[in-house]
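Working notes for the structure below.
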Amino acid sequence: MKELEYPFDGGELLTQRKSLRRRLLAENVTRLPKKIAVFGGSTTSDIVGMLELFLLNYGIEPTFYESEYAQYFQDGMFPSKELLDFQPDLIWIHTTNRNIENYPVVTDSAADVDAKFDAEMGKFTALWESIREKFRCPIIQNNFEKPLYRLMGNRDCWDYRGRSRYISRLNDAFGEYARTHESFYINDIDFLSADYGLKDWSDPSYWNMYKYALCFDAIPYLAYNTANIIKSLYGKNKKALALDLDNTLWGGVVGDDGVDGIEIGQETGPAQSYYEFQSYLKQVSSLGIVLTVCSKNDHENAIAGLNHPEGLLRPEDFIVIKANWDNKHQNIAQIAADLNILPEAIVFVDDNPAEREIVRSQLPGVAVPPMEEVETYITTIDRSGFFEVTVFSDDDLKRNDMYRKNVLRSAQIAAFGDYDEYLRSLEMEAVIDDFLPVYLERITQLSNKSNQFNLTTRRYTPADMEAVYRSGDYIRLYGKLTDKFGDNGVVSVVIGHKNGSVLDVELWLMSCRVLKRNMEQAMLDVLVEKCREAGITHIRGYYYPTAKNHMVEKLYETFGFTLLSADEAGNTVWELPVAGYENQNHVIAVTGNPQKEI
């Protein structure tokens with residue numbers, strides 16, 4: 001919904017909240033249901049209402065538990081039966097500097113301040129540990145905004161008695177806890193309040209009258225930032241940028257002005273702005289976000305512009321370059337096909353409002369931010385939260401290289417008349433075996449990001465996956481694939497729950513970048529082998545349809561499973577006897593965990 005995309009009108013959203021909610025709920029879409037508990041240190045009702053809108057827009061249908069006013073600590077330490085029965089999938093602790101109980105005063109010694117700091121951190125640490133033990137779900141914790149006043153002036157930021165310094169210490173300690181504990185995430189209201197304007201954000205009249213720790217108009221910005229963390233946790237991030245060139249990556253039109261006539265570099269204000277935008281995009285790419293070109297241009301002119309000596313981005317920084325005179329929505333659809341991702345995983349960046357509107361209307365799932373002035377390009381993309389990082393693994397660092405090699409693999413298909421011959425030419429090798437601790441983070445990440453090849457679309461938190469890993473009630477498999485082009489990393493996961501002589505497959509997913517490579521057959525071969533070792537006689541598979549996983553609707557049928565049941569919603573149950581099964585993979589060399597990894 002366009003009204004809920006950044007940059008939005010916060011005041012208008014608050015006014016139109018009820019009508020927007022009705023429109024969202026009337027949409028014929030399937031959303032991911034999630035139970036979210038909000039532990040508030042201040043009034044949270046309007047914040048929760050706004051958070052619901054953003055989550056619905058992201059494809060998440062939330063059900064909320066809201067603590068009573070300022071009962072955040074009590075709810076975490078001594079949860080009520082209502083809260084225990086609610087069993088949240090996620091807890092957000094909405095505290096602010098209004099909830100700090102042990103502030104230093106100017107008469108305190110350094111030891112006094114340290115004792116107060118330890119008491120404050122002890123309170124929050126006890127709260128987090130209690131939540132982790134009782135609920136085993138992700139925690140989002142606000143850090144603290146700066147104080148509204150500085151009692152000691154500029155000295156306040158460095159003197160051990162200054163509130164500014166004290167809050168910075170707490171924020172650092174919160175961050176350290178996040179770095180050392182899984183499923184714990186910081187909601188950076190320190191940055192949000194500064195970005196919004198601290199004096200407006202912390203307007204005391206809202207606290208004095210309504211016990212709101214921020215001004216009313218800032219509520220949508222807080223809710224949006226929180227929603228970005230949540231949608232990232234549940235695999236709703238974007239994966240790629242489709243970038244226009246003329247007046248987007250540089251000033252001017254390269255086909256008209258020539259390479260020497262476009263603006264990029266250090267010589268003028270606009271040229272500097274385009275240079276900084278390219279620098280930002282290069283940093284975004286380092287996170288594993290795929291850069292592509294979607295430009296109405298002659299290909300030669302596009303390449304010449306990207307090779308401008310003052311520019312930072314080069315042709316090799318882009319996995320796909322579509323520089324032609326086709327309609328841009330068609331090029332974006334082709335880019336998605338080339339990358340083996342859905343169009344809705346793409347952000348389209350173009351200075352031309354007409355082109356943006358065409359793409360928005362023809363490809364509704366594609367994000368189309370308004371790119372008005374080059375000086376705002378960075379903040380528009382950055383504040384939109386398209387690529388919110390909650391988990392960052394080694395595979396993310398290698399993702400661009402993996403996509404680039406996939407494009408090379410696709411290009412090679414044309415040289416072969418037989419597809420199996422092509423697959424054998426890739427010289428594929430796979431490691432398929434029980435989970436290893438070193439891969440748990442990547443496995444968890446895949447469970448929350450894979451949507452197309454995902455038979456049940458079940459999501460796991462790190463704590464959930466850790467519990468599965470440590471339990472003897474499961475058969476678990478990860479699949480790691482390499483070929484002559486390079487290492488694809490961990491690309492497939494199967495989790496089956498032992499139920500007597502039956503294995504119920506609770507999760508089967510695979511990264512789209514290795515589709516149609518026979519990896520699914522290789523995974524099934526090993527799964528059957530593990531079942532035989534465990535005395536399992538039948539494998540039962542489940543398919544739960546979503547808007548994105550139609551490609552695997554008939555997967556079990558192609559494997560030779562028998563359909564046991566189907567309902568009106570399209571949910572199906574399948575079964576395969578282990579006895580008599582013959583291996584289906586004949587193109588991938590499969591081994592178990594190498595001794596060095598055990």
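Every chain in the structure tokens takes a letter, A first, then B, and so on in the order presented; its residues are numbered from 1, and the ligands are numbered from 1 following the presented order.
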Within 12 Å of Val438 in chain A, counting only C-alpha atoms, which residues show up once you throw out same-chain ones fewer than 3 positions away? Write them as a ChimeraX atom specification, please.
/A:393-394,434-435,441-444,466,469,478,490,593,597-598
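Counting only C-alpha atoms, Val259 in chain A has the following residues at most 9 Å away, ignoring those fewer than 4 positions along the same chain: Val253, Val254, Gly255, Glu263, Asn301, Ala304, Gly305, Asn307 and His308 of chain A.
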Restricting the output to C-alpha atoms, write the selected residues as a short mmCIF file (atom, residue, chain, number, x, y, z; two decimals), in the first residue's frame.
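The resulting file, result.cif, is shown below:
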```cif
data_model
loop_
_atom_site.label_atom_id
_atom_site.label_comp_id
_atom_site.auth_asym_id
_atom_site.auth_seq_id
_atom_site.Cartn_x
_atom_site.Cartn_y
_atom_site.Cartn_z
CA VAL A 253 21.93 11.42 -20.45
CA VAL A 254 24.97 9.49 -21.61
CA GLY A 255 23.50 8.85 -25.08
CA GLU A 263 28.04 14.50 -14.04
CA ASN A 301 26.46 3.73 -23.94
CA ALA A 304 30.68 3.50 -21.30
CA GLY A 305 28.88 5.44 -18.57
CA ASN A 307 33.31 2.96 -16.98
CA HIS A 308 33.49 6.73 -16.36
#
```
Residues of range 127-370 of chain A in alpha helix (DSSP H) according to DSSP, as a VMD selection string?
chain A and resid 127 to 135 163 to 180 189 to 196 198 to 201 204 to 210 219 to 233 254 to 257 269 to 286 299 to 306 328 to 339 353 to 362
Could you check which of A:Ile131, A:Leu306, A:Ile289, A:Ile432 is closest to Tyr403 in chain A, using only C-alpha atoms?
A:Ile289
Range 514-555 of chain A: residues DSSP assigns to strand (DSSP E), reported as a compact mmCIF listing (two decimals) with C-alpha atoms, in the first residue's frame:
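The result, written out as states23.txt:
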```txt
# COMPACT_ATOMS: atom_id res chain seq x y z
CA HIS A 538 7.42 -44.46 5.71
CA ILE A 539 8.10 -40.79 4.99
CA ARG A 540 5.09 -38.49 5.19
CA GLY A 541 5.33 -35.15 3.38
CA TYR A 542 3.13 -32.09 3.72
CA TYR A 543 2.45 -29.28 1.30
```
Residues within 10 Å of Lys34 in chain A, please, as a list in words. Count only C-alpha atoms; anything in the same chain fewer than 5 positions from it doesn't count.
Leu55, Ile60, Glu61, Pro62, Thr63, Phe64, Pro88, Asp89, Leu90, Ile230 and Tyr234 of chain A
Rows by chain and residue number, range 178-240 of chain A within 12 Å of range 275-284 of chain A, shortest pair, only C-alpha atoms, as a Markdown table:
```
| residue | atom | partner | partner_atom | distance |
| --- | --- | --- | --- | --- |
| A:Lys238 | CA | A:Val284 | CA | 11.9 |
| A:Lys239 | CA | A:Val284 | CA | 10.6 |
| A:Ala240 | CA | A:Val284 | CA | 9.9 |
```
Which residues of range 514-576 of chain A come within 12 Å of range 330-354 of chain A, and what is each one's closest atom pair and distance in Å (one decimal), counting only C-alpha atoms, sorted by chain and residue number, as CSV?
```
residue,atom,partner,partner_atom,distance
A:Val514,CA,A:Asn340,CA,8.7
A:Leu515,CA,A:Asn340,CA,8.1
A:Lys516,CA,A:Asn340,CA,10.8
A:Ala547,CA,A:Leu342,CA,11.2
A:Lys548,CA,A:Leu342,CA,8.4
A:Asn549,CA,A:Leu342,CA,10.8
A:Met551,CA,A:Leu342,CA,12.0
```
Determine, counting only C-alpha atoms, which protein, DNA and RNA residues have an atom within 10 Å of an atom of Asp9 in chain A; residues of the same chain fewer than 4 positions away are not included. Present the result as a PDB file with C-alpha atoms, in the first residue's frame.
```pdb
ATOM      1  CA  GLU A   3       0.461   5.255   1.858  1.00  0.00           C
ATOM      2  CA  LEU A   4       2.536   2.976   4.117  1.00  0.00           C
ATOM      3  CA  GLU A   5       5.736   3.204   2.106  1.00  0.00           C
ATOM      4  CA  LEU A  13      -1.438   7.735   8.766  1.00  0.00           C
ATOM      5  CA  LEU A  14      -2.583   8.384  12.310  1.00  0.00           C
ATOM      6  CA  ASP A 217       3.431  12.417  15.240  1.00  0.00           C
ATOM      7  CA  PRO A 220       4.523   6.002  12.808  1.00  0.00           C
ATOM      8  CA  TYR A 221       8.317   6.343  12.478  1.00  0.00           C
TER       9      TYR A 221
END
```
Name all residues at most 12 Å from Leu214 in chain A (count only C-alpha atoms; drop same-chain ones fewer than 4 positions away) and give them as number ranges by chain.
A: 41-44, 46-47, 94-98, 144-145, 148, 189, 192-193, 196-210, 218-223
Distance in Å - CA of Met152 in chain A versus CA of Val113 in chain A
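Rounded to one decimal, the two atoms are 15.7 Å apart.
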Of the listed residues A:Lys146, A:His181, A:Lys211, A:Arg22, that which approaches Ala463 in chain A most closely, counting only C-alpha atoms:
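Among the listed residues, A:His181 lies closest to Ala463 in chain A.
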Long-range neighbours of range 572-587 of chain A as a ChimeraX atom specification, 9 Å cut-off, only C-alpha atoms, 4 positions minimum in chain:
/A:420-421,423-424,426-429,517-526,528-529,531-532,536-545,553,556-557,559-567
